[in-house]
file model.pdb (PDB, C-alpha atoms and all ligand atoms)
MODEL        1
ATOM      1  CA  MET D1138     101.686 111.048  92.420
ATOM      2  CA  GLU D1139     105.249 112.306  92.260
ATOM      3  CA  LYS D1140     108.030 109.765  92.445
ATOM      4  CA  ILE D1141     110.722 109.943  95.102
ATOM      5  CA  ASN D1142     113.896 111.482  93.790
ATOM      6  CA  TRP D1143     116.988 110.098  95.378
ATOM      7  CA  ASP D1144     119.622 112.708  96.085
ATOM      8  CA  ASP D1145     122.551 113.025  98.493
ATOM      9  CA  SER D1146     120.316 114.172 101.314
ATOM     10  CA  PHE D1147     119.135 110.524 101.501
ATOM     11  CA  SER D1148     122.613 109.153 102.068
ATOM     12  CA  VAL D1149     123.281 107.764 105.545
ATOM     13  CA  GLY D1150     126.933 107.252 104.659
ATOM     14  CA  VAL D1151     126.937 103.449 104.846
ATOM     15  CA  LYS D1152     127.236 102.017 101.346
ATOM     16  CA  LYS D1153     125.229  98.841 101.831
ATOM     17  CA  ILE D1154     122.361 100.637 103.556
ATOM     18  CA  ASP D1155     122.268 103.383 100.931
ATOM     19  CA  GLU D1156     122.063 100.727  98.209
ATOM     20  CA  GLN D1157     119.181  98.988  99.953
ATOM     21  CA  HIS D1158     117.358 102.287 100.486
ATOM     22  CA  ARG D1159     117.722 103.028  96.770
ATOM     23  CA  GLN D1160     116.260  99.639  95.918
ATOM     24  CA  ILE D1161     113.297 100.253  98.200
ATOM     25  CA  ILE D1162     112.690 103.670  96.698
ATOM     26  CA  GLY D1163     112.882 102.002  93.284
ATOM     27  CA  ILE D1164     110.099  99.604  94.259
ATOM     28  CA  ILE D1165     107.940 102.468  95.545
ATOM     29  CA  ASN D1166     108.514 104.396  92.317
ATOM     30  CA  LYS D1167     107.503 101.298  90.365
ATOM     31  CA  LEU D1168     104.249 101.194  92.337
ATOM     32  CA  ILE D1169     103.686 104.920  91.718
ATOM     33  CA  ASP D1170     104.193 104.256  87.995
ATOM     34  CA  SER D1171     101.681 101.473  88.071
ATOM     35  CA  THR D1172      98.949 103.892  89.124
ATOM     36  CA  ASN D1173      99.286 105.528  85.722
ATOM     37  CA  ALA D1174      98.359 102.398  83.845
ATOM     38  CA  SER D1175      95.915  99.634  84.450
ATOM     39  CA  VAL D1176      98.105  96.685  85.282
ATOM     40  CA  ASP D1177      97.580  93.159  86.382
ATOM     41  CA  SER D1178      96.429  92.843  89.973
ATOM     42  CA  GLU D1179      98.977  90.071  90.308
ATOM     43  CA  LEU D1180     101.775  92.498  89.519
ATOM     44  CA  ILE D1181     100.533  94.826  92.243
ATOM     45  CA  SER D1182     100.428  92.174  94.912
ATOM     46  CA  ASP D1183     103.763  90.740  93.743
ATOM     47  CA  THR D1184     105.345  94.176  93.982
ATOM     48  CA  LEU D1185     103.909  94.751  97.444
ATOM     49  CA  MET D1186     105.197  91.361  98.530
ATOM     50  CA  GLU D1187     108.565  92.226  97.012
ATOM     51  CA  MET D1188     108.546  95.431  99.019
ATOM     52  CA  ALA D1189     107.666  93.630 102.268
ATOM     53  CA  GLN D1190     110.340  91.004 101.681
ATOM     54  CA  TYR D1191     112.953  93.500 100.653
ATOM     55  CA  ALA D1192     112.177  95.792 103.576
ATOM     56  CA  SER D1193     112.410  92.861 105.939
ATOM     57  CA  ASP D1194     115.863  91.875 104.639
ATOM     58  CA  HIS D1195     116.937  95.486 104.830
ATOM     59  CA  PHE D1196     115.777  95.875 108.444
ATOM     60  CA  GLU D1197     117.782  92.788 109.316
ATOM     61  CA  THR D1198     120.934  94.245 107.788
ATOM     62  CA  GLU D1199     120.402  97.529 109.579
ATOM     63  CA  GLU D1200     119.525  95.971 112.937
ATOM     64  CA  HIS D1201     122.522  93.683 112.707
ATOM     65  CA  LEU D1202     124.827  96.627 112.139
ATOM     66  CA  LEU D1203     123.223  98.715 114.896
ATOM     67  CA  THR D1204     123.557  95.850 117.382
ATOM     68  CA  GLU D1205     127.097  95.049 116.346
ATOM     69  CA  TYR D1206     128.208  98.605 117.099
ATOM     70  CA  LYS D1207     125.928  98.960 120.129
ATOM     71  CA  TYR D1208     123.893 101.866 118.844
ATOM     72  CA  PRO D1209     122.397 103.518 121.956
ATOM     73  CA  ASP D1210     118.980 104.185 120.416
ATOM     74  CA  TYR D1211     118.574 100.697 119.008
ATOM     75  CA  LYS D1212     115.361  99.764 120.781
ATOM     76  CA  SER D1213     113.308 102.705 119.538
ATOM     77  CA  HIS D1214     114.748 102.300 116.050
ATOM     78  CA  LYS D1215     113.714  98.690 115.971
ATOM     79  CA  ASP D1216     110.197  99.637 117.088
ATOM     80  CA  HIS D1217     109.806 101.707 113.923
ATOM     81  CA  HIS D1218     110.730  98.667 111.854
ATOM     82  CA  ILE D1219     108.274  96.484 113.735
ATOM     83  CA  GLU D1220     105.473  98.959 113.087
ATOM     84  CA  PHE D1221     106.240  99.001 109.366
ATOM     85  CA  ARG D1222     106.363  95.199 109.153
ATOM     86  CA  LYS D1223     102.988  94.930 110.840
ATOM     87  CA  ASN D1224     101.318  97.460 108.543
ATOM     88  CA  THR D1225     102.849  96.025 105.388
ATOM     89  CA  VAL D1226     101.575  92.559 106.141
ATOM     90  CA  ASN D1227      98.093  93.963 106.683
ATOM     91  CA  PHE D1228      97.878  95.870 103.472
ATOM     92  CA  SER D1229      99.523  93.164 101.386
ATOM     93  CA  MET D1230      96.663  90.939 102.410
ATOM     94  CA  ASP D1231      94.073  93.574 101.526
ATOM     95  CA  THR D1232      95.575  94.165  98.140
ATOM     96  CA  LEU D1233      95.638  90.495  97.311
ATOM     97  CA  LYS D1234      91.926  90.876  96.820
ATOM     98  CA  TYR D1235      92.322  91.721  93.139
ATOM     99  CA  LYS D1236      92.924  95.406  92.924
ATOM    100  CA  ARG D1237      94.287  96.749  89.670
ATOM    101  CA  THR D1238      96.060  99.699  91.212
ATOM    102  CA  VAL D1239      97.572 100.270  94.597
ATOM    103  CA  PRO D1240      95.100 102.213  96.708
ATOM    104  CA  VAL D1241      96.373 105.730  97.087
ATOM    105  CA  GLU D1242      96.381 105.555 100.879
ATOM    106  CA  ILE D1243      98.779 102.587 100.773
ATOM    107  CA  LEU D1244     101.062 104.357  98.338
ATOM    108  CA  THR D1245     100.977 107.528 100.413
ATOM    109  CA  TYR D1246     101.782 105.523 103.527
ATOM    110  CA  LEU D1247     104.737 103.772 101.852
ATOM    111  CA  LYS D1248     106.113 106.931 100.382
ATOM    112  CA  GLU D1249     105.777 108.987 103.541
ATOM    113  CA  TRP D1250     106.991 106.227 105.839
ATOM    114  CA  TRP D1251     110.208 105.649 103.897
ATOM    115  CA  VAL D1252     111.032 109.284 103.216
ATOM    116  CA  ASN D1253     110.435 110.110 106.862
ATOM    117  CA  HIS D1254     112.235 107.022 108.153
ATOM    118  CA  ILE D1255     115.354 107.563 106.055
ATOM    119  CA  LEU D1256     115.573 111.326 106.485
ATOM    120  CA  LYS D1257     114.655 111.509 110.161
ATOM    121  CA  ILE D1258     115.148 108.161 111.903
ATOM    122  CA  ASP D1259     117.970 106.530 109.936
ATOM    123  CA  MET D1260     119.777 109.839 109.610
ATOM    124  CA  LYS D1261     120.221 109.823 113.400
ATOM    125  CA  TYR D1262     122.806 107.036 113.119
ATOM    126  CA  LYS D1263     124.772 108.735 110.354
ATOM    127  CA  ALA D1264     127.135 110.571 112.710
ATOM    128  CA  PHE D1265     127.354 107.468 114.907
ATOM    129  CA  PHE D1266     128.646 105.331 112.035
ATOM    130  CA  VAL D1267     130.969 108.073 110.830
ATOM    131  CA  GLU D1268     132.508 108.046 114.289
ATOM    132  CA  LYS D1269     132.873 104.251 114.189
ATOM    133  CA  ASP D1270     134.341 104.522 110.705
ATOM    134  CA  VAL D1271     131.658 102.293 109.191
ATOM    135  CA  LYS D1272     131.282 103.000 105.511
TER     136      LYS D1272
HETATM  137 FE    FE W1301     115.811 102.001 109.788
ENDMDL
END

call {"tool": "encode", "arguments": {"input": "model.pdb", "output": "structure tokens"}}
result
Amino acid sequence: MEKINWDDSFSVGVKKIDEQHRQIIGIINKLIDSTNASVDSELISDTLMEMAQYASDHFETEEHLLTEYKYPDYKSHKDHHIEFRKNTVNFSMDTLKYKRTVPVEILTYLKEWWVNHILKIDMKYKAFFVEKDVK
């Protein structure tokens, strides 16, 4: 599977959020790498847990910022986060059952969810934060 290549099209213009998105993409790329080698099942579940934890912290940062500046589309944005949280918990549990690679459907879900979320959903607040002068 091809890794995600970060480029400027992923930038939402807020430094802290961009940094967190890069970290998340880094974790996904690490998981994609791990499909090329047989690795410890513990590493897989640890990495998935890391992803869930990191994503959760990131959503908090983002939601905090969106609330602080009264982003009009906050509710529907938050719903996307809730959906991701729910799915990540489910598949972290599944994967804890000693798999040596991340099942391709999980990896595809992670990759597609984040690329789509950043480029389509998060990108909607880019102009909003530019207007509020949040960098
Ligand atoms: Fe988001």

call {"tool": "closest_atom_pairs", "arguments": {"input": "model.pdb", "of": "chain D", "to": "ligand FE 1301 (chain W)", "cutoff": "10 Å", "atoms": "only C-alpha atoms and all ligand atoms", "output": "CSV"}}
result
residue,atom,partner,partner_atom,distance
D:Ile1154,CA,W:FE1301,FE,9.1
D:His1158,CA,W:FE1301,FE,9.4
D:Ala1192,CA,W:FE1301,FE,9.5
D:His1195,CA,W:FE1301,FE,8.3
D:Phe1196,CA,W:FE1301,FE,6.3
D:Glu1197,CA,W:FE1301,FE,9.4
D:Thr1198,CA,W:FE1301,FE,9.5
D:Glu1199,CA,W:FE1301,FE,6.4
D:Glu1200,CA,W:FE1301,FE,7.8
D:Leu1203,CA,W:FE1301,FE,9.6
D:Tyr1211,CA,W:FE1301,FE,9.7
D:His1214,CA,W:FE1301,FE,6.4
D:Lys1215,CA,W:FE1301,FE,7.3
D:Asp1216,CA,W:FE1301,FE,9.5
D:His1217,CA,W:FE1301,FE,7.3
D:His1218,CA,W:FE1301,FE,6.4
D:Trp1251,CA,W:FE1301,FE,8.9
D:His1254,CA,W:FE1301,FE,6.4
D:Ile1255,CA,W:FE1301,FE,6.7
D:Leu1256,CA,W:FE1301,FE,9.9
D:Lys1257,CA,W:FE1301,FE,9.6
D:Ile1258,CA,W:FE1301,FE,6.5
D:Asp1259,CA,W:FE1301,FE,5.0
D:Met1260,CA,W:FE1301,FE,8.8
D:Lys1261,CA,W:FE1301,FE,9.7
D:Tyr1262,CA,W:FE1301,FE,9.2

call {"tool": "residues_around", "arguments": {"input": "model.pdb", "residues": "D:Asn1166", "least_positions_apart": "4", "cutoff": "12 Å", "atoms": "all atoms listed in the file", "output": "list in words"}}
result
Met1138, Glu1139, Lys1140, Ile1141, Asn1142, Trp1143, Arg1159, Gln1160, Ile1161, Ile1162, Asp1170, Ser1171, Thr1172, Asn1173, Thr1184, Leu1185, Met1188, Val1239, Leu1244, Thr1245, Leu1247, Lys1248 and Trp1251 of chain D

call {"tool": "closest_residue", "arguments": {"input": "model.pdb", "among": "D:Glu1242, D:Glu1205, D:Ser1213, D:Val1149", "to": "D:Ile1169", "atoms": "only C-alpha atoms"}}
result
D:Glu1242

call {"tool": "residues_around", "arguments": {"input": "model.pdb", "residues": "D:Ile1243", "least_positions_apart": "3", "cutoff": "12 Å", "atoms": "only C-alpha atoms", "output": "PyMOL selection string"}}
result
chain D and resi 1165+1168-1169+1172+1181+1185+1221+1224-1232+1238-1240+1246-1250

call {"tool": "atom_distance", "arguments": {"input": "model.pdb", "atom1": "atom CA of D:Asp1155", "atom2": "atom CA of D:Glu1179"}}
result
28.9 Å

call {"tool": "closest_residue", "arguments": {"input": "model.pdb", "among": "D:His1201, D:Lys1167, D:Lys1152, D:Lys1207", "to": "D:Lys1269", "atoms": "all atoms listed in the file"}}
result
D:Lys1207

call {"tool": "atom_distance", "arguments": {"input": "model.pdb", "atom1": "atom CA of D:Ile1164", "atom2": "atom CA of D:Ser1148"}}
result
17.6 Å

call {"tool": "atom_distance", "arguments": {"input": "model.pdb", "atom1": "atom CA of D:Gly1150", "atom2": "atom CA of D:Ala1264"}}
result
8.7 Å

call {"tool": "axis_aligned_box", "arguments": {"input": "model.pdb", "around": "stretch 1188-1191 of chain D", "padding_each_side": "3 Å", "output": "AutoDock Vina command-line options"}}
result
--center_x 110.3 --center_y 93.2 --center_z 100.6 --size_x 11.3 --size_y 10.4 --size_z 9.2

call {"tool": "closest_residue", "arguments": {"input": "model.pdb", "among": "D:Arg1222, D:Ser1146, D:Glu1156, D:Leu1202", "to": "D:Ala1189", "atoms": "only C-alpha atoms"}}
result
D:Arg1222

call {"tool": "decode", "arguments": {"input": "model.pdb", "residues": "stretch 1158-1238 of chain D", "atoms": "C-alpha atoms", "output": "short mmCIF file (atom, residue, chain, number, x, y, z; two decimals), in the first residue's frame"}}
result
data_model
loop_
_atom_site.label_atom_id
_atom_site.label_comp_id
_atom_site.auth_asym_id
_atom_site.auth_seq_id
_atom_site.Cartn_x
_atom_site.Cartn_y
_atom_site.Cartn_z
CA HIS D 1158 -2.01 15.91 11.42
CA ARG D 1159 1.57 15.19 10.36
CA GLN D 1160 2.08 13.04 13.43
CA ILE D 1161 -1.07 11.08 12.69
CA ILE D 1162 -0.04 10.55 9.09
CA GLY D 1163 3.34 9.40 10.41
CA ILE D 1164 1.64 6.74 12.53
CA ILE D 1165 -0.44 5.55 9.56
CA ASN D 1166 2.69 5.36 7.41
CA LYS D 1167 4.37 3.33 10.14
CA LEU D 1168 1.46 0.89 10.04
CA ILE D 1169 1.65 0.73 6.23
CA ASP D 1170 5.37 -0.07 6.57
CA SER D 1171 4.63 -2.82 9.01
CA THR D 1172 2.61 -4.68 6.39
CA ASN D 1173 5.84 -5.19 4.47
CA ALA D 1174 7.48 -7.12 7.26
CA SER D 1175 6.26 -9.64 9.74
CA VAL D 1176 6.36 -7.77 13.01
CA ASP D 1177 5.34 -8.45 16.54
CA SER D 1178 1.60 -8.44 17.07
CA GLU D 1179 2.26 -6.36 20.16
CA LEU D 1180 3.79 -3.63 18.03
CA ILE D 1181 0.68 -3.58 15.85
CA SER D 1182 -1.72 -3.24 18.72
CA ASP D 1183 0.55 -0.70 20.44
CA THR D 1184 0.65 1.38 17.27
CA LEU D 1185 -3.12 1.21 16.87
CA MET D 1186 -3.54 2.25 20.49
CA GLU D 1187 -1.05 5.06 19.90
CA MET D 1188 -3.13 6.16 16.94
CA ALA D 1189 -6.38 6.08 18.93
CA GLN D 1190 -4.81 8.01 21.80
CA TYR D 1191 -3.13 10.51 19.56
CA ALA D 1192 -6.26 11.05 17.49
CA SER D 1193 -8.26 11.57 20.65
CA ASP D 1194 -5.85 14.25 21.92
CA HIS D 1195 -5.88 15.86 18.51
CA PHE D 1196 -9.69 15.97 18.35
CA GLU D 1197 -9.68 17.66 21.73
CA THR D 1198 -7.29 20.35 20.54
CA GLU D 1199 -9.34 20.91 17.41
CA GLU D 1200 -12.71 20.91 19.17
CA HIS D 1201 -11.39 23.30 21.78
CA LEU D 1202 -10.26 25.73 19.11
CA LEU D 1203 -13.50 25.41 17.12
CA THR D 1204 -15.58 26.07 20.24
CA GLU D 1205 -13.40 28.94 21.37
CA TYR D 1206 -13.94 30.76 18.08
CA LYS D 1207 -17.57 29.63 17.75
CA TYR D 1208 -17.18 27.76 14.50
CA PRO D 1209 -20.70 27.58 12.99
CA ASP D 1210 -20.39 24.00 11.75
CA TYR D 1211 -19.01 22.65 15.00
CA LYS D 1212 -21.68 20.06 15.70
CA SER D 1213 -21.34 18.18 12.42
CA HIS D 1214 -17.55 18.37 12.65
CA LYS D 1215 -17.62 16.83 16.07
CA ASP D 1216 -19.87 14.03 14.81
CA HIS D 1217 -17.13 12.98 12.40
CA HIS D 1218 -14.70 12.74 15.31
CA ILE D 1219 -17.16 10.70 17.34
CA GLU D 1220 -17.60 8.24 14.49
CA PHE D 1221 -13.84 7.80 14.17
CA ARG D 1222 -13.39 7.27 17.91
CA LYS D 1223 -16.07 4.60 17.93
CA ASN D 1224 -14.59 2.69 14.99
CA THR D 1225 -11.03 2.92 16.28
CA VAL D 1226 -11.97 1.44 19.62
CA ASN D 1227 -13.69 -1.44 17.85
CA PHE D 1228 -10.84 -2.37 15.62
CA SER D 1229 -8.18 -1.89 18.29
CA MET D 1230 -9.96 -4.59 20.23
CA ASP D 1231 -10.12 -6.89 17.22
CA THR D 1232 -6.46 -6.47 16.48
CA LEU D 1233 -5.46 -7.22 20.02
CA LYS D 1234 -6.23 -10.80 19.14
CA TYR D 1235 -2.67 -11.46 17.98
CA LYS D 1236 -2.48 -10.41 14.40
CA ARG D 1237 0.97 -9.95 12.91
CA THR D 1238 -0.07 -7.36 10.38
#
